[in-house]
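J.: This is the structure I have questions about; it appears just below.
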Amino acid sequence: MTNAASALALVALLATAGIVFGRRALLLTRLVQLGKPSQRFDDVPRRVRNEAVVVLGQRKLFQRLGPGLIHAFIFWGFLVLFPTIVMATIGAVDENASLPWLASQGWFAFLVDLFCLLVLVGVASAFWIRKVQRPERFRGSHKGEADLILLWIAGIVLTLLLWHASRIALGLNEYPAGWSPLANAISNVFGTGSTTEALERVFVWAHLLLVFGFLAYLPHSKHLHIMTAAVNVWFGRTRARGRLEPLDFTVEDESAMRFGSSTIADMTWKQMVDTMSCTECGRCQDVCPAYATGKELSPKLLIMGLRDQLFAEGPNLLADPAGFQPTPLVPNAVSDDVVWDCVTCGACVQECPVAIEHVDHIVDLRRHLVMVEGRFPAEGETMLRDVERSQNPWGKPQVERADWTGGLDVRVLQPGEAPPEVLYWVGCAASFDERARTTARSTAKLLQAAGVDFAILGPRECCTGDPARRMGNEYTYQSYAEQNVATMNEAGVKKIVASCPHCFNTLANEYPDFGGDYEVVHHTELLTQLLREGRLEPVAGTEEITYHDSCYLARHNDVLEAPREIVSRIGKPLEMARSGKRTFCCGAGGAHMWMEERGSQINEARVAEADATGASTLAVACPYCTVMLDDGVRSTGSQLQVVDVATLLVEAVERGEPAG
Ligand code: SF4
Ligand code: SF4
């Protein structure tokens with residue numbers, strides 16, 4: 001082929017690939033433009049850092065070293081090999097031309113050689129995992145398409161290597177051949193005659209066909225994430241992980257008001273990009289407590305289901321926005337059970353390498369089901385009714401809220417009184433549940449022993465609204481948020497200690513949206529500070545203690561060290577297999593404290609993990625975990641004692657006090 005003919009062929013190839021790619025990319029862009037607003041343009045420095053760490057550094061993927069390395073080899077390989085596409089494009093027209101400067105650099109030739117090898121190793125290892133190990137996390141993924149993509153990538157790299165080798169054999173390489181040992185070794189199979197000249201043309205054109213074919217296929221395939229993942233990470237959440245976006249009930253135009261997600265037309269643009277970014281890797285599914293205990297929910301299949309419906313109905317919606325009526329997401333994209341199985345533990349979000357926010361999708365689906373359709377599990381209805389009528393999900397009279405203080409002389413802050421240094425936010429569980437009340441009493445005793453100026457609100461403390469909110473009843477949540485913020489602002493509260501991680505999360509991360517700006521600490525943080533200041537002096541015992549991280553404390557709020565410091569001061573700590581930010585839920589979050597659990601129980605699975613450590617005590621720092629894990633201990637016949645760290649600390653402090 002002459003150079004002119006080659007140039008024409010190249011233009012035809014680029015135009016075809018460009019048109020196929022461009023049409024699909026345009027459709028996807030228009031779909032995203034249809035999405036409802038989402039504020040994702042703040043905190044640019046943090047977004048830059050996320051790109052550097054999560055995308056370029058592949059940090060989330062390295063949470064599992066083996067698969068992380070495989071993905072990193074392929075991803076970094078694509079970055080390094082990108083300029084070779086330009087070189088091949090130039091070389092396809094004229095075999096004697098190439099990219100100025102870079103084509104003559106030995107170090108670059110070495111990098112290309114190295115990453116060709118690493119990508120091939122990565123592809124082979126990925127095949128090994130998929131075909132031999134066959135992990136459960138790929139169940140339900142598009143496996144055939146993934147195989148095709150892997151073969152395609154291998155084809156791109158192999159043709160590149162062969163092209164380089166044939167050029168070395170023909171003496172067309174501009175860099176010293178010693179810099180590319182792999183291509184150099186392969187070049188030995190080629191001669192210097194016309195056959196190699198012809199093969200050199202075949203390799204470069206095969207390479208370009210594969211590259212541009214890949215580009216055209218990409219936006220039509222599950223590997224769309226190659227284009228969208230970096231975008232999704234950029235627009236990922238920069239505010240607290242445990243915070244839910246509030247609904248705006250003050251919008252005057254009711255048609256502009258969203259009560260969650262009913263159809264694809266209700267999704268935010270970020271939620272749409274979420275669905276387009278899923279790699280179907282199944283990392284979220286692997287860590288999901290609902291999936292692990294045999295429930296219908298798989299966070300991966302949830303996102304894939306939403307994506308399928310978006311792609312099926314999106315073009316019709318674009319064609320006729322006023323006339324086309326999209327079908328409900330529940331039960332078409334996901335079933336009702338899937339929506340209600342979630343405990344909002346956030347393990348999926350923590351694990352997802354492309355910043356997909358599953359919990360927000362699920363809560364938005366719940367918001368629509370609860371507030372518009374009134375469709376939710378019957379047990380949830382009892383809880384919501386109790387919250388609305390009695391101001392707490394236990395349905396107990398508010399006048400009993402401070403009954404746990406009996407004999408402790410705890411100050412109940414009255415209207416008009418000077419605020420204490422620290423307000424102790426007791427929470428509904430520790431106020432009304434017998435087992436959880438022990439935590440409140442222990443916390444109060446320790447604060448008194450350390451001389452902390454504190455008080456409680458007593459009957460003026462209402463449910464934070466967290467269970468109603470996680471259940472989908474945003475309206476009830478906001479009423480309580482406003483009421484509680486008004487009470488605390490009027491009382492002049494500046495600092496709060498909460499012993500419930502759910503209250504802690506709501507007070508610290510969600511009440512600022514309603515004008516409640518306080519310094520909020522968890523009781524384990526305040527107690528650790530008192531220990532460090534020498535205001536509490538425990539005497540360590542000999543018992544072996546394993547500490548269970550609450551999802552809303554560890555994963556949603558990064559409180560990891562404080563409870564461990566307390567445990568290490570009072571006994572011998574033993575870590576469970578899953579701990580810290582990768583903890584396993586107790587099963588109570590997302591309003592599941594009040595719902596029936598189908599199938600095998602999450603709390604029993606967690607108790608089994610605690611038992612495996614050989615500890616005698618299972619320490620907790622959350623009243624929900626106290627109740628759930630204690631139930632798990634009883635139903636499994638475990639010998640573990642479930643005790644809040646505050647109670648363990650009281651015992652250790654009392655050990656040091658003079659007898660009598
Ligand atoms: S938040 Fe937890 S329970 Fe819900 S989907 Fe994610 S991992 Fe599963
Ligand atoms: S949602 Fe995230 S973790 Fe789950 S399969 Fe998709 S990319 Fe993987």
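If you're wondering about the labels, chains in the structure tokens are A, B, ... by order shown, residues count from 1 in each chain, ligands from 1 in order shown.
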Select the residues contacting ligand 2 at a distance of at most 7 Å, based on only C-alpha atoms and all ligand atoms, then format the selection as a list in words.
T.: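 Written in the requested form, the residues are Ser277, Cys278, Thr279, Glu280, Cys281, Gly282, Arg283, Cys284, Gln285, Pro299, Lys300, Ile303, Cys348, Glu351, Cys352, Pro353, Val354, Ala355 and Ile356 of chain A.
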J.: Can you pull out every residue within 10 Å of Val231 (chain A), counting only C-alpha atoms, but drop anything in the same chain fewer than 3 positions away, and send it as a ChimeraX atom specification?
T.: /A:51,55,225-228,234-236,270,273-274,277,354-355
J.: Could those selected residues go to a file with C-alpha atoms, as a compact mmCIF listing (two decimals), in the first residue's frame?
T.:
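part31.txt was written with the following content:
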```txt
# COMPACT_ATOMS: atom_id res chain seq x y z
CA GLU A 51 -8.05 11.09 41.45
CA VAL A 55 -7.57 6.31 40.15
CA HIS A 225 -16.23 2.05 33.18
CA ILE A 226 -12.86 2.61 31.48
CA MET A 227 -14.33 5.92 30.30
CA THR A 228 -16.51 6.82 33.28
CA TRP A 234 -13.86 12.90 40.65
CA PHE A 235 -17.51 13.58 41.46
CA GLY A 236 -17.52 11.19 44.42
CA LYS A 270 -24.29 11.30 39.69
CA VAL A 273 -22.81 7.99 36.20
CA ASP A 274 -22.61 5.53 39.13
CA SER A 277 -19.18 3.09 36.09
CA VAL A 354 -15.04 3.49 41.39
CA ALA A 355 -16.83 5.50 44.11
```
J.: Listing only residues of chain A within 8 Å of ligand 1, what is the closest atom pair and its distance in Å (to one decimal) for each, using only C-alpha atoms and all ligand atoms, sorted by chain and residue number ascending, as a Markdown table?
T.:
```
| residue | atom | partner | partner_atom_place_in_ligand_line | distance |
| --- | --- | --- | --- | --- |
| A:Cys284 | CA | ligand 1 | 7 (S) | 6.2 |
| A:Gln285 | CA | ligand 1 | 7 (S) | 6.9 |
| A:Val287 | CA | ligand 1 | 7 (S) | 5.9 |
| A:Cys288 | CA | ligand 1 | 7 (S) | 3.5 |
| A:Pro289 | CA | ligand 1 | 3 (S) | 5.5 |
| A:Ala290 | CA | ligand 1 | 3 (S) | 5.2 |
| A:Tyr291 | CA | ligand 1 | 8 (Fe) | 6.7 |
| A:Leu297 | CA | ligand 1 | 5 (S) | 6.7 |
| A:Ser298 | CA | ligand 1 | 5 (S) | 6.4 |
| A:Pro299 | CA | ligand 1 | 5 (S) | 4.6 |
| A:Asp341 | CA | ligand 1 | 3 (S) | 6.8 |
| A:Cys342 | CA | ligand 1 | 4 (Fe) | 3.8 |
| A:Val343 | CA | ligand 1 | 3 (S) | 4.4 |
| A:Thr344 | CA | ligand 1 | 1 (S) | 3.7 |
| A:Cys345 | CA | ligand 1 | 2 (Fe) | 4.0 |
| A:Gly346 | CA | ligand 1 | 1 (S) | 4.0 |
| A:Ala347 | CA | ligand 1 | 7 (S) | 4.3 |
| A:Cys348 | CA | ligand 1 | 7 (S) | 4.2 |
| A:Val349 | CA | ligand 1 | 6 (Fe) | 6.5 |
| A:His358 | CA | ligand 1 | 6 (Fe) | 6.1 |
| A:Val359 | CA | ligand 1 | 1 (S) | 5.4 |
| A:Ile362 | CA | ligand 1 | 4 (Fe) | 7.8 |
| A:Cys585 | CA | ligand 1 | 2 (Fe) | 7.6 |
```
J.: Can you spit out the residues from that selection as a compact mmCIF listing (two decimals), in the first residue's frame, using N, CA and C atoms?
T.:
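Output below, filename result.txt:
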```txt
# COMPACT_ATOMS: atom_id res chain seq x y z
N CYS A 284 -18.20 -5.29 46.13
CA CYS A 284 -19.26 -4.85 47.05
C CYS A 284 -20.07 -6.06 47.53
N GLN A 285 -20.37 -6.94 46.60
CA GLN A 285 -21.17 -8.13 46.92
C GLN A 285 -20.45 -9.02 47.93
N VAL A 287 -18.57 -8.23 50.34
CA VAL A 287 -18.52 -7.74 51.72
C VAL A 287 -19.90 -7.42 52.29
N CYS A 288 -20.91 -7.63 51.47
CA CYS A 288 -22.27 -7.24 51.90
C CYS A 288 -22.82 -8.25 52.90
N PRO A 289 -23.16 -7.80 54.12
CA PRO A 289 -23.68 -8.76 55.12
C PRO A 289 -25.01 -9.37 54.71
N ALA A 290 -25.81 -8.61 53.96
CA ALA A 290 -27.09 -9.16 53.52
C ALA A 290 -26.84 -10.31 52.53
N TYR A 291 -25.95 -10.07 51.58
CA TYR A 291 -25.64 -11.12 50.59
C TYR A 291 -24.98 -12.32 51.27
N LEU A 297 -30.49 -9.31 48.31
CA LEU A 297 -29.69 -8.12 47.96
C LEU A 297 -28.25 -8.47 47.58
N SER A 298 -27.86 -8.00 46.40
CA SER A 298 -26.44 -7.93 46.03
C SER A 298 -26.23 -6.51 45.56
N PRO A 299 -25.34 -5.74 46.21
CA PRO A 299 -25.17 -4.35 45.78
C PRO A 299 -24.72 -4.26 44.32
N ASP A 341 -33.55 -5.23 52.28
CA ASP A 341 -32.51 -6.08 52.88
C ASP A 341 -31.32 -5.28 53.40
N CYS A 342 -31.14 -4.06 52.92
CA CYS A 342 -29.91 -3.31 53.21
C CYS A 342 -29.87 -2.78 54.64
N VAL A 343 -28.71 -2.94 55.30
CA VAL A 343 -28.54 -2.43 56.67
C VAL A 343 -27.74 -1.12 56.67
N THR A 344 -27.56 -0.53 55.50
CA THR A 344 -26.83 0.74 55.31
C THR A 344 -25.46 0.74 55.98
N CYS A 345 -24.81 -0.42 55.99
CA CYS A 345 -23.52 -0.53 56.69
C CYS A 345 -22.39 0.17 55.95
N GLY A 346 -22.58 0.41 54.65
CA GLY A 346 -21.57 1.13 53.87
C GLY A 346 -20.37 0.30 53.46
N ALA A 347 -20.40 -1.01 53.71
CA ALA A 347 -19.25 -1.84 53.32
C ALA A 347 -19.06 -1.81 51.80
N CYS A 348 -20.16 -1.80 51.07
CA CYS A 348 -20.10 -1.77 49.61
C CYS A 348 -19.42 -0.49 49.12
N VAL A 349 -19.81 0.63 49.72
CA VAL A 349 -19.25 1.93 49.31
C VAL A 349 -17.76 1.97 49.61
N HIS A 358 -23.87 3.17 46.80
CA HIS A 358 -25.03 2.27 46.84
C HIS A 358 -26.08 2.72 47.85
N VAL A 359 -25.61 3.16 49.04
CA VAL A 359 -26.56 3.48 50.11
C VAL A 359 -27.49 4.60 49.68
N ILE A 362 -30.18 3.23 47.50
CA ILE A 362 -31.17 2.44 48.24
C ILE A 362 -32.08 3.35 49.06
N CYS A 585 -21.16 -5.93 59.80
CA CYS A 585 -22.29 -5.34 60.52
C CYS A 585 -22.87 -6.30 61.58
```
J.: Using only C-alpha atoms, what table do you get, as JSON lines, when you list each residue of region 523-550 of chain A with an atom no more than 10 Å from region 491-503 of chain A, its nearest pair of atoms, and their distance in Å rounded to one decimal, rows by chain then rising number?
T.:
```
{"residue": "A:His523", "atom": "CA", "partner": "A:Ser499", "partner_atom": "CA", "distance": 5.0}
{"residue": "A:Thr524", "atom": "CA", "partner": "A:Ser499", "partner_atom": "CA", "distance": 7.7}
{"residue": "A:Glu525", "atom": "CA", "partner": "A:Val497", "partner_atom": "CA", "distance": 8.7}
{"residue": "A:Leu526", "atom": "CA", "partner": "A:Val497", "partner_atom": "CA", "distance": 7.3}
{"residue": "A:Leu527", "atom": "CA", "partner": "A:Val497", "partner_atom": "CA", "distance": 9.9}
{"residue": "A:Ser550", "atom": "CA", "partner": "A:Pro501", "partner_atom": "CA", "distance": 7.3}
```
J.: Residues of the last selection are to be written out with N, CA, C and O atoms, as a PDB file, in the first residue's frame.
T.:
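Below is the file that was written, part34.pdb:
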```pdb
ATOM      1  N   HIS A 523     -18.603   8.532  72.913  1.00  0.00           N
ATOM      2  CA  HIS A 523     -18.181   8.353  74.311  1.00  0.00           C
ATOM      3  C   HIS A 523     -16.810   7.690  74.399  1.00  0.00           C
ATOM      4  O   HIS A 523     -16.034   7.991  75.304  1.00  0.00           O
ATOM      5  N   THR A 524     -16.457   6.830  73.428  1.00  0.00           N
ATOM      6  CA  THR A 524     -15.127   6.199  73.486  1.00  0.00           C
ATOM      7  C   THR A 524     -14.020   7.240  73.271  1.00  0.00           C
ATOM      8  O   THR A 524     -12.925   7.117  73.832  1.00  0.00           O
ATOM      9  N   GLU A 525     -14.318   8.277  72.489  1.00  0.00           N
ATOM     10  CA  GLU A 525     -13.306   9.321  72.259  1.00  0.00           C
ATOM     11  C   GLU A 525     -13.099  10.161  73.515  1.00  0.00           C
ATOM     12  O   GLU A 525     -11.960  10.455  73.898  1.00  0.00           O
ATOM     13  N   LEU A 526     -14.224  10.539  74.153  1.00  0.00           N
ATOM     14  CA  LEU A 526     -14.110  11.350  75.368  1.00  0.00           C
ATOM     15  C   LEU A 526     -13.445  10.537  76.485  1.00  0.00           C
ATOM     16  O   LEU A 526     -12.565  11.042  77.197  1.00  0.00           O
ATOM     17  N   LEU A 527     -13.829   9.267  76.603  1.00  0.00           N
ATOM     18  CA  LEU A 527     -13.247   8.436  77.663  1.00  0.00           C
ATOM     19  C   LEU A 527     -11.751   8.231  77.433  1.00  0.00           C
ATOM     20  O   LEU A 527     -10.957   8.221  78.378  1.00  0.00           O
ATOM     21  N   SER A 550     -18.453  -0.856  65.250  1.00  0.00           N
ATOM     22  CA  SER A 550     -19.778  -0.514  64.710  1.00  0.00           C
ATOM     23  C   SER A 550     -19.575   0.153  63.347  1.00  0.00           C
ATOM     24  O   SER A 550     -18.664   0.967  63.171  1.00  0.00           O
TER      25      SER A 550
END
```
J.: Near Ala621 (chain A), within 10 Å and counting only C-alpha atoms, which residues show up once chain neighbours fewer than 4 positions away are dropped, as a PyMOL selection string?
T.: chain A and resi 439+499-501+522-524+547-550+553+563+625-626+643-647
J.: Neighbouring residues of Trp394 (chain A) were defined as those with any atom within 8 Å, considering only C-alpha atoms; residues of the same chain fewer than 5 positions away were excluded. Please report them as a VMD selection string.
T.: chain A and resid 383 386 to 387 428 to 429 432
J.: Put those residues in a file: all heavy atoms, as a PDB file, in the first residue's frame.
T.:
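Saved file out_29.pdb follows:
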```pdb
ATOM      1  N   MET A 383     -42.508   0.839  63.997  1.00  0.00           N
ATOM      2  CA  MET A 383     -41.419   1.716  64.444  1.00  0.00           C
ATOM      3  C   MET A 383     -41.711   3.173  64.052  1.00  0.00           C
ATOM      4  O   MET A 383     -41.602   4.077  64.882  1.00  0.00           O
ATOM      5  CB  MET A 383     -40.096   1.243  63.820  1.00  0.00           C
ATOM      6  CG  MET A 383     -38.886   2.055  64.223  1.00  0.00           C
ATOM      7  SD  MET A 383     -38.594   3.494  63.208  1.00  0.00           S
ATOM      8  CE  MET A 383     -37.886   2.750  61.744  1.00  0.00           C
ATOM      9  N   ASP A 386     -44.329   4.645  66.220  1.00  0.00           N
ATOM     10  CA  ASP A 386     -43.831   4.945  67.563  1.00  0.00           C
ATOM     11  C   ASP A 386     -42.968   6.208  67.562  1.00  0.00           C
ATOM     12  O   ASP A 386     -43.038   7.025  68.484  1.00  0.00           O
ATOM     13  CB  ASP A 386     -43.032   3.758  68.115  1.00  0.00           C
ATOM     14  CG  ASP A 386     -43.951   2.635  68.579  1.00  0.00           C
ATOM     15  OD1 ASP A 386     -45.138   2.920  68.852  1.00  0.00           O
ATOM     16  OD2 ASP A 386     -43.493   1.475  68.632  1.00  0.00           O
ATOM     17  N   VAL A 387     -42.144   6.345  66.537  1.00  0.00           N
ATOM     18  CA  VAL A 387     -41.302   7.553  66.462  1.00  0.00           C
ATOM     19  C   VAL A 387     -42.190   8.783  66.356  1.00  0.00           C
ATOM     20  O   VAL A 387     -41.980   9.792  67.042  1.00  0.00           O
ATOM     21  CB  VAL A 387     -40.330   7.475  65.256  1.00  0.00           C
ATOM     22  CG1 VAL A 387     -39.649   8.817  65.023  1.00  0.00           C
ATOM     23  CG2 VAL A 387     -39.287   6.396  65.479  1.00  0.00           C
ATOM     24  N   CYS A 428     -32.150   6.983  72.173  1.00  0.00           N
ATOM     25  CA  CYS A 428     -33.349   6.222  72.575  1.00  0.00           C
ATOM     26  C   CYS A 428     -32.986   4.843  73.113  1.00  0.00           C
ATOM     27  O   CYS A 428     -33.571   4.379  74.094  1.00  0.00           O
ATOM     28  CB  CYS A 428     -34.290   6.070  71.382  1.00  0.00           C
ATOM     29  SG  CYS A 428     -34.809   7.644  70.691  1.00  0.00           S
ATOM     30  N   ALA A 429     -32.022   4.160  72.482  1.00  0.00           N
ATOM     31  CA  ALA A 429     -31.704   2.789  72.896  1.00  0.00           C
ATOM     32  C   ALA A 429     -31.229   2.773  74.342  1.00  0.00           C
ATOM     33  O   ALA A 429     -31.747   2.013  75.171  1.00  0.00           O
ATOM     34  CB  ALA A 429     -30.647   2.200  71.969  1.00  0.00           C
ATOM     35  N   PHE A 432     -34.091   3.571  76.834  1.00  0.00           N
ATOM     36  CA  PHE A 432     -35.255   2.704  77.056  1.00  0.00           C
ATOM     37  C   PHE A 432     -34.956   1.201  77.060  1.00  0.00           C
ATOM     38  O   PHE A 432     -35.729   0.439  77.617  1.00  0.00           O
ATOM     39  CB  PHE A 432     -36.311   2.994  75.980  1.00  0.00           C
ATOM     40  CG  PHE A 432     -36.846   4.392  76.047  1.00  0.00           C
ATOM     41  CD1 PHE A 432     -36.623   5.293  75.011  1.00  0.00           C
ATOM     42  CD2 PHE A 432     -37.570   4.816  77.155  1.00  0.00           C
ATOM     43  CE1 PHE A 432     -37.116   6.587  75.074  1.00  0.00           C
ATOM     44  CE2 PHE A 432     -38.062   6.114  77.224  1.00  0.00           C
ATOM     45  CZ  PHE A 432     -37.840   6.998  76.189  1.00  0.00           C
TER      46      PHE A 432
END
```
